[in-house]
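Shown below: work_31.txt, with compact mmCIF, C-alpha atoms.
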# COMPACT_ATOMS: atom_id res chain seq x y z
CA MET A 1 -24.33 -7.89 -0.16
CA ILE A 2 -21.21 -9.57 -1.46
CA GLY A 3 -21.66 -10.71 -5.04
CA LEU A 4 -19.64 -12.60 -7.58
CA SER A 5 -18.06 -9.41 -8.90
CA HIS A 6 -16.57 -8.60 -5.46
CA TYR A 7 -14.71 -11.89 -5.46
CA LEU A 8 -13.66 -11.52 -9.09
CA ILE A 9 -12.29 -8.02 -8.45
CA LEU A 10 -10.37 -9.32 -5.45
CA SER A 11 -9.05 -12.20 -7.53
CA GLY A 12 -7.96 -9.80 -10.27
CA LEU A 13 -6.17 -7.61 -7.74
CA LEU A 14 -4.31 -10.57 -6.27
CA PHE A 15 -3.42 -11.77 -9.77
CA ALA A 16 -2.05 -8.31 -10.59
CA ILE A 17 0.07 -8.39 -7.42
CA GLY A 18 1.47 -11.78 -8.41
CA LEU A 19 2.17 -10.60 -11.93
CA VAL A 20 3.99 -7.51 -10.66
CA GLY A 21 6.08 -9.85 -8.53
CA VAL A 22 6.89 -12.06 -11.51
CA ILE A 23 7.98 -9.05 -13.58
CA ARG A 24 9.88 -7.34 -10.79
CA ARG A 25 11.71 -10.15 -9.03
CA ARG A 26 15.23 -11.29 -9.94
CA ASN A 27 15.57 -13.95 -7.26
CA LEU A 28 14.24 -17.35 -8.36
CA LEU A 29 12.77 -18.26 -4.96
CA MET A 30 10.85 -14.98 -4.88
CA LEU A 31 9.62 -15.71 -8.40
CA PHE A 32 8.18 -18.96 -7.05
CA PHE A 33 6.35 -17.07 -4.30
CA ALA A 34 4.83 -14.72 -6.89
CA THR A 35 3.67 -17.74 -8.92
CA GLU A 36 1.94 -19.16 -5.86
CA ILE A 37 0.09 -15.86 -5.41
CA MET A 38 -1.19 -16.03 -8.99
CA LEU A 39 -2.36 -19.64 -8.57
CA ASN A 40 -4.21 -18.71 -5.39
CA ALA A 41 -5.92 -15.79 -7.11
CA ALA A 42 -7.22 -18.19 -9.77
CA ASN A 43 -8.42 -20.54 -7.02
CA ILE A 44 -10.48 -17.77 -5.41
CA ALA A 45 -12.12 -16.97 -8.74
CA PHE A 46 -12.96 -20.65 -9.32
CA ALA A 47 -14.43 -21.10 -5.83
CA ALA A 48 -16.51 -17.93 -6.18
CA ALA A 49 -17.88 -18.98 -9.58
CA SER A 50 -18.65 -22.41 -8.12
CA TYR A 51 -20.60 -20.85 -5.24
CA TYR A 52 -22.59 -18.29 -7.21
CA TYR A 53 -23.49 -20.61 -10.08
CA ASN A 54 -24.26 -23.46 -7.67
CA ASP A 55 -21.97 -25.80 -9.56
CA LEU A 56 -19.12 -27.92 -8.25
CA THR A 57 -16.96 -27.79 -11.38
CA GLY A 58 -15.12 -24.69 -10.15
CA GLN A 59 -14.10 -26.44 -6.96
CA MET A 60 -12.87 -29.43 -8.97
CA PHE A 61 -10.62 -27.16 -11.01
CA ALA A 62 -9.35 -25.56 -7.82
CA PHE A 63 -8.42 -29.01 -6.50
CA PHE A 64 -6.48 -29.82 -9.64
CA ILE A 65 -4.75 -26.43 -9.49
CA ILE A 66 -3.65 -27.23 -5.94
CA ALA A 67 -2.29 -30.60 -7.10
CA VAL A 68 -0.42 -28.94 -9.98
CA ALA A 69 1.00 -26.31 -7.62
CA ALA A 70 2.21 -28.97 -5.19
CA SER A 71 4.04 -30.93 -7.89
CA GLU A 72 5.42 -27.71 -9.38
CA VAL A 73 6.90 -26.78 -6.02
CA ALA A 74 8.43 -30.24 -5.54
CA VAL A 75 10.15 -30.31 -8.93
CA GLY A 76 11.01 -26.60 -8.93
CA LEU A 77 12.66 -26.65 -5.54
CA GLY A 78 14.74 -29.66 -6.58
CA LEU A 79 15.90 -27.73 -9.64
CA LEU A 80 16.62 -24.65 -7.48
CA ILE A 81 18.82 -26.72 -5.18
CA VAL A 82 20.77 -28.11 -8.13
CA LEU A 83 21.15 -24.58 -9.55
CA TYR A 84 22.34 -23.26 -6.20
CA LYS A 85 24.91 -26.04 -5.91
CA LYS A 86 26.19 -25.25 -9.39
CA PHE A 87 26.24 -21.45 -9.35
CA GLY A 88 26.08 -20.48 -5.68
CA THR A 89 23.36 -17.94 -6.32
CA LEU A 90 19.72 -17.75 -7.33
CA ASP A 91 19.86 -14.35 -8.96
CA LEU A 92 18.65 -14.46 -12.54
CA ASP A 93 21.17 -11.86 -13.72
CA ASP A 94 24.06 -13.98 -12.44
CA LEU A 95 22.54 -17.19 -13.79
CA ALA A 96 22.45 -15.89 -17.35
CA SER A 97 25.11 -18.05 -18.97
CA MET A 98 24.27 -17.58 -22.64
CA LYS A 99 26.12 -14.82 -24.40
CA GLY A 100 24.25 -13.19 -27.19
CA MET B 1 -23.54 -8.56 7.64
CA TYR B 2 -20.87 -10.79 9.16
CA GLU B 3 -20.11 -12.06 5.68
CA GLN B 4 -19.41 -8.52 4.49
CA ILE B 5 -17.18 -7.73 7.46
CA ALA B 6 -15.29 -10.99 6.99
CA PHE B 7 -14.91 -10.45 3.23
CA TYR B 8 -13.50 -6.93 3.51
CA LEU B 9 -11.25 -7.82 6.45
CA PHE B 10 -9.84 -10.86 4.66
CA SER B 11 -9.44 -8.88 1.42
CA VAL B 12 -7.46 -6.05 2.98
CA LEU B 13 -5.29 -8.42 4.99
CA THR B 14 -4.63 -10.74 2.03
CA ILE B 15 -3.72 -7.92 -0.33
CA GLY B 16 -1.43 -6.36 2.28
CA LEU B 17 0.30 -9.64 3.08
CA PHE B 18 0.83 -10.50 -0.59
CA LEU B 19 2.20 -7.01 -1.22
CA VAL B 20 4.72 -7.67 1.55
CA THR B 21 5.59 -10.96 -0.19
CA VAL B 22 6.15 -9.24 -3.51
CA LEU B 23 8.00 -6.18 -2.26
CA SER B 24 10.04 -7.44 0.70
CA LYS B 25 13.79 -7.88 0.41
CA ASN B 26 14.01 -10.58 3.06
CA ILE B 27 13.14 -14.15 2.07
CA LEU B 28 11.96 -15.05 5.57
CA TYR B 29 9.52 -12.13 5.69
CA ALA B 30 8.26 -12.96 2.21
CA MET B 31 7.68 -16.61 3.11
CA THR B 32 5.88 -15.95 6.40
CA SER B 33 3.60 -13.35 4.87
CA LEU B 34 2.84 -15.72 1.99
CA ALA B 35 1.88 -18.46 4.48
CA ALA B 36 -0.36 -16.05 6.39
CA GLY B 37 -2.00 -14.96 3.14
CA MET B 38 -2.69 -18.61 2.27
CA VAL B 39 -4.45 -19.09 5.63
CA LEU B 40 -6.66 -16.07 4.91
CA ILE B 41 -7.45 -17.40 1.42
CA SER B 42 -8.75 -20.59 3.02
CA GLY B 43 -11.01 -18.22 4.98
CA PHE B 44 -12.47 -17.09 1.65
CA PHE B 45 -13.14 -20.71 0.76
CA PHE B 46 -15.02 -21.23 4.02
CA LEU B 47 -17.05 -18.08 3.29
CA LEU B 48 -17.91 -19.54 -0.13
CA GLU B 49 -19.13 -22.79 1.51
CA ALA B 50 -16.32 -24.76 -0.12
CA ASP B 51 -15.35 -26.36 3.18
CA PHE B 52 -13.38 -29.25 1.76
CA LEU B 53 -11.41 -26.93 -0.54
CA GLY B 54 -10.59 -24.73 2.45
CA VAL B 55 -9.31 -27.69 4.45
CA VAL B 56 -7.25 -28.90 1.49
CA GLN B 57 -5.84 -25.40 1.08
CA LEU B 58 -4.80 -25.37 4.75
CA ILE B 59 -3.26 -28.84 4.64
CA VAL B 60 -1.57 -28.72 1.24
CA TYR B 61 -0.56 -25.07 0.90
CA VAL B 62 0.04 -23.92 4.44
CA GLY B 63 1.14 -27.31 5.69
CA ALA B 64 3.04 -29.00 2.89
CA VAL B 65 4.12 -26.38 0.37
CA MET B 66 5.25 -23.86 2.97
CA ALA B 67 7.11 -26.55 4.91
CA LEU B 68 8.81 -27.54 1.64
CA TYR B 69 9.86 -23.91 1.06
CA ALA B 70 11.11 -23.70 4.64
CA PHE B 71 13.20 -26.84 4.18
CA ALA B 72 14.54 -25.64 0.84
CA MET B 73 15.55 -22.34 2.41
CA MET B 74 18.01 -24.23 4.60
CA PHE B 75 20.08 -24.75 1.44
CA PHE B 76 20.07 -21.06 0.64
CA ASP B 77 21.30 -18.09 2.60
CA ALA B 78 17.97 -16.96 3.99
CA THR B 79 18.96 -14.43 6.62
CA ARG B 80 20.80 -12.10 4.27
CA ASP B 81 18.77 -9.50 2.43
CA ILE B 82 18.68 -10.27 -1.25
CA LYS B 83 20.10 -7.65 -3.54
CA GLU B 84 18.20 -7.18 -6.73
CA LYS B 85 18.84 -4.88 -9.60
CA THR B 86 16.37 -2.03 -9.24
CA THR B 87 13.91 -1.75 -12.05
CA ASN B 88 11.53 1.04 -12.92
CA ASP B 89 8.81 0.32 -10.36
CA ALA B 90 6.16 2.56 -11.88
CA LEU B 91 6.55 0.86 -15.26
CA VAL B 92 6.43 -2.58 -13.64
CA PHE B 93 3.25 -1.78 -11.74
CA PHE B 94 1.66 -0.29 -14.86
CA LEU B 95 2.57 -3.28 -17.04
CA GLY B 96 1.55 -5.82 -14.40
CA GLY B 97 -1.77 -4.11 -13.79
CA MET B 98 -2.55 -3.78 -17.48
CA VAL B 99 -1.67 -7.39 -18.34
CA ALA B 100 -3.67 -8.67 -15.36
CA LEU B 101 -6.63 -6.51 -16.42
CA VAL B 102 -6.54 -7.86 -19.97
CA LEU B 103 -6.26 -11.48 -18.75
CA VAL B 104 -9.09 -11.03 -16.26
CA LEU B 105 -11.33 -9.49 -18.93
CA ILE B 106 -10.56 -12.32 -21.35
CA PHE B 107 -11.35 -15.03 -18.84
CA LEU B 108 -14.38 -13.32 -17.34
CA ALA B 109 -16.19 -12.56 -20.57
CA PRO B 110 -17.83 -16.01 -20.63
CA VAL B 111 -18.71 -15.75 -16.94
CA PHE B 112 -20.65 -12.56 -17.43
CA SER B 113 -22.34 -13.60 -20.61
CA GLU B 114 -25.55 -15.28 -19.56
CA ASN B 115 -25.15 -18.51 -21.48
CA ILE B 116 -23.33 -20.62 -18.91
CA GLN B 117 -25.27 -23.06 -16.81
CA ALA B 118 -24.48 -25.40 -13.97
CA MET B 119 -23.31 -28.73 -15.34
CA TYR B 120 -23.19 -30.55 -12.03
CA PRO B 121 -25.60 -28.73 -9.68
CA SER B 122 -24.99 -29.12 -5.99
CA VAL B 123 -26.93 -31.99 -4.44
CA GLU B 124 -29.34 -30.94 -1.71
CA GLY B 125 -29.04 -32.35 1.77
CA VAL B 126 -25.42 -33.49 1.75
CA GLY B 127 -22.34 -31.74 3.04
CA ASN B 128 -19.72 -30.17 0.82
CA ALA B 129 -17.20 -32.99 1.26
CA GLN B 130 -19.77 -35.61 0.20
CA ALA B 131 -20.88 -33.58 -2.82
CA VAL B 132 -17.25 -33.07 -3.86
CA GLY B 133 -16.64 -36.80 -3.53
CA MET B 134 -19.67 -37.62 -5.68
CA VAL B 135 -18.53 -35.36 -8.52
CA LEU B 136 -14.81 -36.13 -8.19
CA PHE B 137 -15.16 -39.92 -8.30
CA THR B 138 -17.68 -40.00 -11.14
CA LYS B 139 -17.23 -37.15 -13.61
CA TYR B 140 -13.62 -36.33 -12.83
CA LEU B 141 -12.23 -39.80 -12.15
CA VAL B 142 -9.75 -39.85 -15.05
CA PRO B 143 -8.27 -36.39 -14.29
CA PHE B 144 -8.05 -37.49 -10.65
CA GLU B 145 -6.00 -40.55 -11.58
CA VAL B 146 -3.83 -38.49 -13.93
CA ALA B 147 -3.23 -36.03 -11.10
CA ALA B 148 -2.16 -38.93 -8.88
CA LEU B 149 0.32 -40.07 -11.54
CA MET B 150 1.60 -36.50 -11.88
CA LEU B 151 2.16 -36.25 -8.12
CA LEU B 152 4.09 -39.54 -8.21
CA VAL B 153 6.30 -38.25 -11.03
CA ALA B 154 6.84 -34.99 -9.13
CA MET B 155 7.79 -36.89 -5.97
CA ILE B 156 10.34 -39.00 -7.84
CA ALA B 157 11.76 -35.91 -9.55
CA GLY B 158 12.04 -34.08 -6.24
CA ILE B 159 13.81 -37.01 -4.59
CA ILE B 160 16.23 -37.46 -7.49
CA LEU B 161 17.03 -33.76 -7.85
CA ALA B 162 17.33 -32.77 -4.21
CA GLY B 163 18.00 -35.94 -2.25
CA LYS B 164 20.47 -38.03 -4.21
CA LYS B 165 24.07 -37.67 -3.05
CA MET B 166 23.30 -34.75 -0.83
CA ASP B 167 26.79 -34.78 0.67
CA HIS B 168 28.45 -33.75 -2.56
CA SER B 169 27.35 -31.83 -5.57
CA LEU B 170 25.73 -33.53 -8.52
CA THR B 171 26.64 -31.01 -11.15
CA THR B 172 30.12 -29.74 -10.34
CA ASN B 173 31.44 -33.30 -10.67
CA ASP B 174 30.04 -33.52 -14.16
CA ASP B 175 31.76 -30.24 -15.01
CA LYS B 176 35.03 -31.63 -13.67
CA VAL B 177 34.70 -34.69 -15.88
CA ILE B 178 33.94 -32.53 -18.88
CA SER B 179 36.88 -30.19 -18.25
CA GLN B 180 39.20 -33.16 -17.79
CA GLU B 181 38.09 -34.53 -21.10
CA ASP B 182 38.69 -31.16 -22.67
CA THR B 183 42.27 -31.02 -21.42
CA LYS B 184 43.15 -34.47 -22.74
Mind turning this structure into structure tokens?
Amino acid sequence: MIGLSHYLILSGLLFAIGLVGVIRRRNLLMLFFATEIMLNAANIAFAAASYYYNDLTGQMFAFFIIAVAASEVAVGLGLLIVLYKKFGTLDLDDLASMKG
Amino acid sequence: MYEQIAFYLFSVLTIGLFLVTVLSKNILYAMTSLAAGMVLISGFFFLLEADFLGVVQLIVYVGAVMALYAFAMMFFDATRDIKEKTTNDALVFFLGGMVALVLVLIFLAPVFSENIQAMYPSVEGVGNAQAVGMVLFTKYLVPFEVAALMLLVAMIAGIILAGKKMDHSLTTNDDKVISQEDTK
């Protein structure tokens, strides 16, 4: 029987994958993909808690997370396009312009 | 029985697809595997009887967000493999796993302690979309309106940043003005 802990373990695994991506990636677009993975992992945990506690609050939070993710992508991609026009690359090592 | 088969199948496929997203060098491969993983995650939502959430996931994530990424990739050089400075992969996996473990433990401690109760129990005899509507438009009306405002702000920001004067660059002109002022 699939219980709450199955879903939470899966969600933790997906979150770890996203976090590894965030640490490992140097390309900004790939960093965005890794962020989406982490948001989706949180959504699975919320939906599972909502189902097993018979409460709709988890689903509400998942809806708001989806809304936040959508606006994040809209603003972030606009910023990425401006960055690409300015620097011609999306690599974080090349974008580092502060000398310290 | 079918639930178990579906859960393990979706789990293995989702983890594999997201690993491809995180480890692949090609942006196109990463984006397609991410989209496929999102579709499978909506499968989890259907398994958890959150039908409306699953449909929203399909429409918003797979439909809108992925299409937005695909359009944005037209500005970038998507076919070339990206070159990234190689980091110590073992260390990265160790750190990522440990930090994720700590975060999961922190956030799950209240779930596993027995003192949480259902605040808005599911109503019997109505579908998931109706129950979601009842809670969303009564208890969560103000956050809903704030989310609408946030989406409007995000839309305006996206249009201004990406769409305005697409034929020539916004920022290099500013630099030119600044450098001209410096030379005077």
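Reported to one decimal place, the separation of atom CA of Val92 of chain B from atom CA of Ile81 of chain A is 28.4 Å.
In this comparison, which uses only C-alpha atoms, the residue of A:Leu13, A:Leu39, A:Ala47, A:Leu80 approaching Val68 of chain A most closely is A:Leu39.
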With 3 Å of padding per side, what axis-aligned box (centre and edge lengths, Å, one decimal) covers all the listed atoms of segment 76-80 of chain A? Give it as AutoDock Vina command-line options.
--center_x 13.8 --center_y -27.2 --center_z -7.6 --size_x 11.6 --size_y 11.0 --size_z 10.1
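With distances taken over all atoms listed in the file, B:Leu19 is the one residue among B:Leu19, B:Ile106, B:Leu141, B:Ala6 lying closest to chain A.
Nearest residue to Ile66 of chain A among B:Ile160, B:Ala147, B:Ala131, B:Leu13 is B:Ala147, counting only C-alpha atoms.
Between atom CA of Ile159 of chain B and atom CA of Val62 of chain B the interatomic distance comes to 21.0 Å.
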Between atom CA of Glu84 of chain B and atom CA of Arg24 of chain A - distance in Å to one decimal: 9.3 Å
Contacts of Leu29 of chain A at 9 Å (all atoms listed in the file; same-chain gap of 5+ positions) as a PyMOL selection string: (chain A and resi 34+77+80+90) or (chain B and resi 27+69+73)
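Of the listed residues A:His6, A:Val20, A:Met38, A:Gly76, the one whose atoms come nearest to chain B is A:Val20, with distances taken using only C-alpha atoms.
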Contact residues around Ala45 of chain A with all atoms listed in the file at 8 Å, ignoring same-chain residues under 2 positions, as number ranges by chain: A: 7-8, 11, 41-43, 47-49
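Every protein, DNA or RNA residue with an atom at most 7 Å from Leu161 of chain B, where only C-alpha atoms count and chain neighbours fewer than 5 positions away do not, is listed here: Gly78, Leu79 and Val82 of chain A.
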Point (0.0, -7.4, -15.5), cut-off 12 Å, counting all atoms listed in the file, residues as an MDAnalysis selection string: (chainID A and resid 12:24 38) or (chainID B and resid 91:104)
